[in-house]
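*Asks:* Just dropping this structure here.
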Amino acid sequence: YIDSSTPAEAAVDTRKLSTLEQDRMSTELWRVDECQPGERRLTLYLPREATLSELLPLFNDLGVTVTDEHPYRVQPAHGPAQYVLDFGLLAAEEYWQRSSEVFQEAVRAAWLDEIDSDPLQHLVLSAGLSVAQVMVLRTITSYLRQLGVTYSPQHLQQVLCDNPDAAAALVELFEKRFDPDVLPDPEEREAACAQVLERLSEMLVEAPSLDQEQILRGCRDVVMATVRTNFYQHDL
């Protein structure tokens, strides 16, 4: 660790490790000077040891490639051991430019079992969606299965991942219909939904296959058929 870390990096690591008792995981996503486009370093700070085999499925679901790993065990003078895991990651540079913060949020949520980690997590980077927004799409695909759609859950998810712009538009439609903080005025809400629906219709026409069009249309219809939701209801 001493050989591979600068004093400035060690200071960041010390600060992050000091928060573990409250957070159960801290993260730091950073860019090495003179690295290639799409390359990033992700450092995880954990109160227990974690293996690459535990973390690799999580990274695969998020659609990033792990290029290397450097694990370190830190033993404070007083207290239990802590762990610093440094990963090299590779994804499209445009994804990192747009979605670095939500990517870290998704890593933490998946590791702490606050969300299901599945291929829909690809949309965090490819569509710039938050963990909560991906949850909306996960709920929609689950409801399609309950309605008797014969496509497998994996295929439903893959179609959304293959069409990130349409997936983002579906979330936008859901938010414009139901988020009370977005458009309080009913007429403005209706007009905004009409605009999103028009964009979605164009995307459906351009879908590369009939089954993709049917699945995206089904997701759109679920949003439009929904009467109310408790998604935006927060605990008081």
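Lettering and numbering for the structure tokens are positional, with chains as A, B, ... in the shown order, residues counted from 1 in each chain, and ligands counted from 1 in the shown order.
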Can you tell me which residues surround A:Leu144 at a distance of at most 10 Å, considering only C-alpha atoms, apart from same-chain residues fewer than 2 positions away, and format the answer as a ChimeraX atom specification?
*Replies:* /A:139-142,146-151,153,156,215,218-219,221-222
*Asks:* May I have the residues within 9 Å of stretch 161-171 of chain A as a PyMOL selection string, using only C-alpha atoms and disregarding those fewer than 3 positions away in the same chain?
*Replies:* chain A and resi 119-123+126-129+133-134+136-137+156-158+174-176+196-197+199-200+203-204+207+212+216+219-220+223
*Asks:* Give me the residues within 12 Å of stretch 26-37 of chain A as a VMD selection string, counting only C-alpha atoms and dropping any in the same chain fewer than 5 places off.
*Replies:* chain A and resid 9 12 to 21 42 to 47 82 to 97 99 to 109 111 to 112
*Asks:* Go ahead and compute the interatomic distance for atom CA of A:Glu54 and atom CA of A:Gly38, in Å to one decimal.
*Replies:* 23.6 Å
*Asks:* Grab the atom CA of A:Phe178 to atom CA of A:Asn230 distance for me, in Å with one decimal place.
*Replies:*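 Taking atom CA of A:Phe178 and atom CA of A:Asn230, their separation equals 9.3 Å.
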*Asks:* DSSP on the backbone: which residues in stretch 40-196 of chain A end up as helix (DSSP H, G or I)? Give the answer as a PyMOL selection string.
*Replies:* chain A and resi 52-62+93-111+119-126+131-146+153-162+164-178+186-196
*Asks:* If you keep C-alpha atoms, can you produce a file of those selected residues as a PDB file, in the first residue's frame?
*Replies:*
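File part_11.pdb, as written:
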ATOM      1  CA  LEU A  52     -13.551 -10.505  -6.296  1.00  0.00           C
ATOM      2  CA  SER A  53     -15.999 -13.366  -6.853  1.00  0.00           C
ATOM      3  CA  GLU A  54     -18.493 -11.574  -4.579  1.00  0.00           C
ATOM      4  CA  LEU A  55     -18.126  -8.237  -6.335  1.00  0.00           C
ATOM      5  CA  LEU A  56     -17.726  -9.313  -9.954  1.00  0.00           C
ATOM      6  CA  PRO A  57     -21.452 -10.087 -10.536  1.00  0.00           C
ATOM      7  CA  LEU A  58     -22.303  -6.627  -9.203  1.00  0.00           C
ATOM      8  CA  PHE A  59     -19.893  -4.980 -11.658  1.00  0.00           C
ATOM      9  CA  ASN A  60     -21.126  -7.179 -14.510  1.00  0.00           C
ATOM     10  CA  ASP A  61     -24.703  -6.075 -13.842  1.00  0.00           C
ATOM     11  CA  LEU A  62     -23.567  -2.454 -14.002  1.00  0.00           C
ATOM     12  CA  GLU A  93     -16.051   7.683 -21.334  1.00  0.00           C
ATOM     13  CA  GLU A  94     -19.404   9.403 -21.949  1.00  0.00           C
ATOM     14  CA  TYR A  95     -20.973   7.178 -19.298  1.00  0.00           C
ATOM     15  CA  TRP A  96     -18.507   8.293 -16.624  1.00  0.00           C
ATOM     16  CA  GLN A  97     -18.905  11.939 -17.570  1.00  0.00           C
ATOM     17  CA  ARG A  98     -22.653  11.709 -16.979  1.00  0.00           C
ATOM     18  CA  SER A  99     -23.171   9.068 -14.311  1.00  0.00           C
ATOM     19  CA  SER A 100     -20.234   8.881 -11.873  1.00  0.00           C
ATOM     20  CA  GLU A 101     -22.271   9.750  -8.780  1.00  0.00           C
ATOM     21  CA  VAL A 102     -25.234   7.497  -9.532  1.00  0.00           C
ATOM     22  CA  PHE A 103     -22.792   4.678 -10.356  1.00  0.00           C
ATOM     23  CA  GLN A 104     -21.325   4.864  -6.859  1.00  0.00           C
ATOM     24  CA  GLU A 105     -24.830   5.033  -5.395  1.00  0.00           C
ATOM     25  CA  ALA A 106     -25.720   1.854  -7.308  1.00  0.00           C
ATOM     26  CA  VAL A 107     -22.596   0.026  -6.104  1.00  0.00           C
ATOM     27  CA  ARG A 108     -23.372   0.848  -2.480  1.00  0.00           C
ATOM     28  CA  ALA A 109     -27.066  -0.037  -2.764  1.00  0.00           C
ATOM     29  CA  ALA A 110     -26.356  -3.387  -4.415  1.00  0.00           C
ATOM     30  CA  TRP A 111     -23.629  -4.334  -1.943  1.00  0.00           C
ATOM     31  CA  PRO A 119     -28.871  -6.573 -15.745  1.00  0.00           C
ATOM     32  CA  LEU A 120     -31.195  -3.561 -15.527  1.00  0.00           C
ATOM     33  CA  GLN A 121     -28.366  -1.960 -13.560  1.00  0.00           C
ATOM     34  CA  HIS A 122     -26.700  -1.409 -16.945  1.00  0.00           C
ATOM     35  CA  LEU A 123     -29.040   1.557 -17.333  1.00  0.00           C
ATOM     36  CA  VAL A 124     -27.328   3.437 -14.507  1.00  0.00           C
ATOM     37  CA  LEU A 125     -24.452   4.168 -16.877  1.00  0.00           C
ATOM     38  CA  SER A 126     -25.934   3.718 -20.349  1.00  0.00           C
ATOM     39  CA  VAL A 131     -31.108   3.487  -8.536  1.00  0.00           C
ATOM     40  CA  ALA A 132     -34.690   4.604  -7.848  1.00  0.00           C
ATOM     41  CA  GLN A 133     -35.423   5.145 -11.538  1.00  0.00           C
ATOM     42  CA  VAL A 134     -34.137   1.671 -12.417  1.00  0.00           C
ATOM     43  CA  MET A 135     -36.454   0.362  -9.709  1.00  0.00           C
ATOM     44  CA  VAL A 136     -39.403   1.830 -11.625  1.00  0.00           C
ATOM     45  CA  LEU A 137     -38.448  -0.169 -14.718  1.00  0.00           C
ATOM     46  CA  ARG A 138     -37.883  -3.304 -12.637  1.00  0.00           C
ATOM     47  CA  THR A 139     -41.398  -2.965 -11.241  1.00  0.00           C
ATOM     48  CA  ILE A 140     -42.869  -2.453 -14.723  1.00  0.00           C
ATOM     49  CA  THR A 141     -41.211  -5.598 -16.121  1.00  0.00           C
ATOM     50  CA  SER A 142     -42.358  -7.597 -13.097  1.00  0.00           C
ATOM     51  CA  TYR A 143     -45.914  -6.417 -13.647  1.00  0.00           C
ATOM     52  CA  LEU A 144     -45.779  -7.436 -17.309  1.00  0.00           C
ATOM     53  CA  ARG A 145     -44.879 -10.942 -16.177  1.00  0.00           C
ATOM     54  CA  GLN A 146     -47.843 -10.947 -13.774  1.00  0.00           C
ATOM     55  CA  PRO A 153     -37.676 -11.727 -17.156  1.00  0.00           C
ATOM     56  CA  GLN A 154     -34.161 -11.821 -18.602  1.00  0.00           C
ATOM     57  CA  HIS A 155     -35.421 -10.979 -22.085  1.00  0.00           C
ATOM     58  CA  LEU A 156     -37.605  -8.135 -20.827  1.00  0.00           C
ATOM     59  CA  GLN A 157     -34.613  -6.661 -19.038  1.00  0.00           C
ATOM     60  CA  GLN A 158     -32.329  -7.137 -22.032  1.00  0.00           C
ATOM     61  CA  VAL A 159     -34.707  -5.261 -24.337  1.00  0.00           C
ATOM     62  CA  LEU A 160     -34.674  -2.257 -21.996  1.00  0.00           C
ATOM     63  CA  CYS A 161     -30.876  -2.416 -21.767  1.00  0.00           C
ATOM     64  CA  ASP A 162     -30.643  -2.571 -25.570  1.00  0.00           C
ATOM     65  CA  PRO A 164     -31.474   2.951 -23.165  1.00  0.00           C
ATOM     66  CA  ASP A 165     -33.099   6.032 -24.712  1.00  0.00           C
ATOM     67  CA  ALA A 166     -36.508   4.364 -24.655  1.00  0.00           C
ATOM     68  CA  ALA A 167     -35.900   3.154 -21.100  1.00  0.00           C
ATOM     69  CA  ALA A 168     -35.081   6.714 -20.013  1.00  0.00           C
ATOM     70  CA  ALA A 169     -38.202   7.994 -21.791  1.00  0.00           C
ATOM     71  CA  LEU A 170     -40.357   5.447 -19.957  1.00  0.00           C
ATOM     72  CA  VAL A 171     -39.003   6.691 -16.642  1.00  0.00           C
ATOM     73  CA  GLU A 172     -39.553  10.285 -17.736  1.00  0.00           C
ATOM     74  CA  LEU A 173     -43.154   9.468 -18.615  1.00  0.00           C
ATOM     75  CA  PHE A 174     -43.702   7.845 -15.218  1.00  0.00           C
ATOM     76  CA  GLU A 175     -42.211  10.850 -13.417  1.00  0.00           C
ATOM     77  CA  LYS A 176     -44.205  13.395 -15.380  1.00  0.00           C
ATOM     78  CA  ARG A 177     -47.412  11.498 -14.658  1.00  0.00           C
ATOM     79  CA  PHE A 178     -46.884  10.869 -10.947  1.00  0.00           C
ATOM     80  CA  PRO A 186     -52.551  19.277 -14.434  1.00  0.00           C
ATOM     81  CA  GLU A 187     -52.589  20.928 -17.861  1.00  0.00           C
ATOM     82  CA  GLU A 188     -48.802  21.271 -17.961  1.00  0.00           C
ATOM     83  CA  ARG A 189     -48.489  17.660 -16.814  1.00  0.00           C
ATOM     84  CA  GLU A 190     -50.771  16.450 -19.606  1.00  0.00           C
ATOM     85  CA  ALA A 191     -48.887  18.440 -22.248  1.00  0.00           C
ATOM     86  CA  ALA A 192     -45.518  17.171 -21.015  1.00  0.00           C
ATOM     87  CA  CYS A 193     -46.739  13.562 -21.054  1.00  0.00           C
ATOM     88  CA  ALA A 194     -47.971  14.017 -24.628  1.00  0.00           C
ATOM     89  CA  GLN A 195     -44.510  15.144 -25.699  1.00  0.00           C
ATOM     90  CA  VAL A 196     -42.860  12.116 -24.103  1.00  0.00           C
TER      91      VAL A 196
END
*Asks:* Counting only C-alpha atoms, figure out which residue out of A:Asp179, A:Pro80, A:Tyr1, A:Arg40 gets nearest to A:Arg228.
*Replies:*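 The answer is A:Asp179, which sits nearest to A:Arg228.
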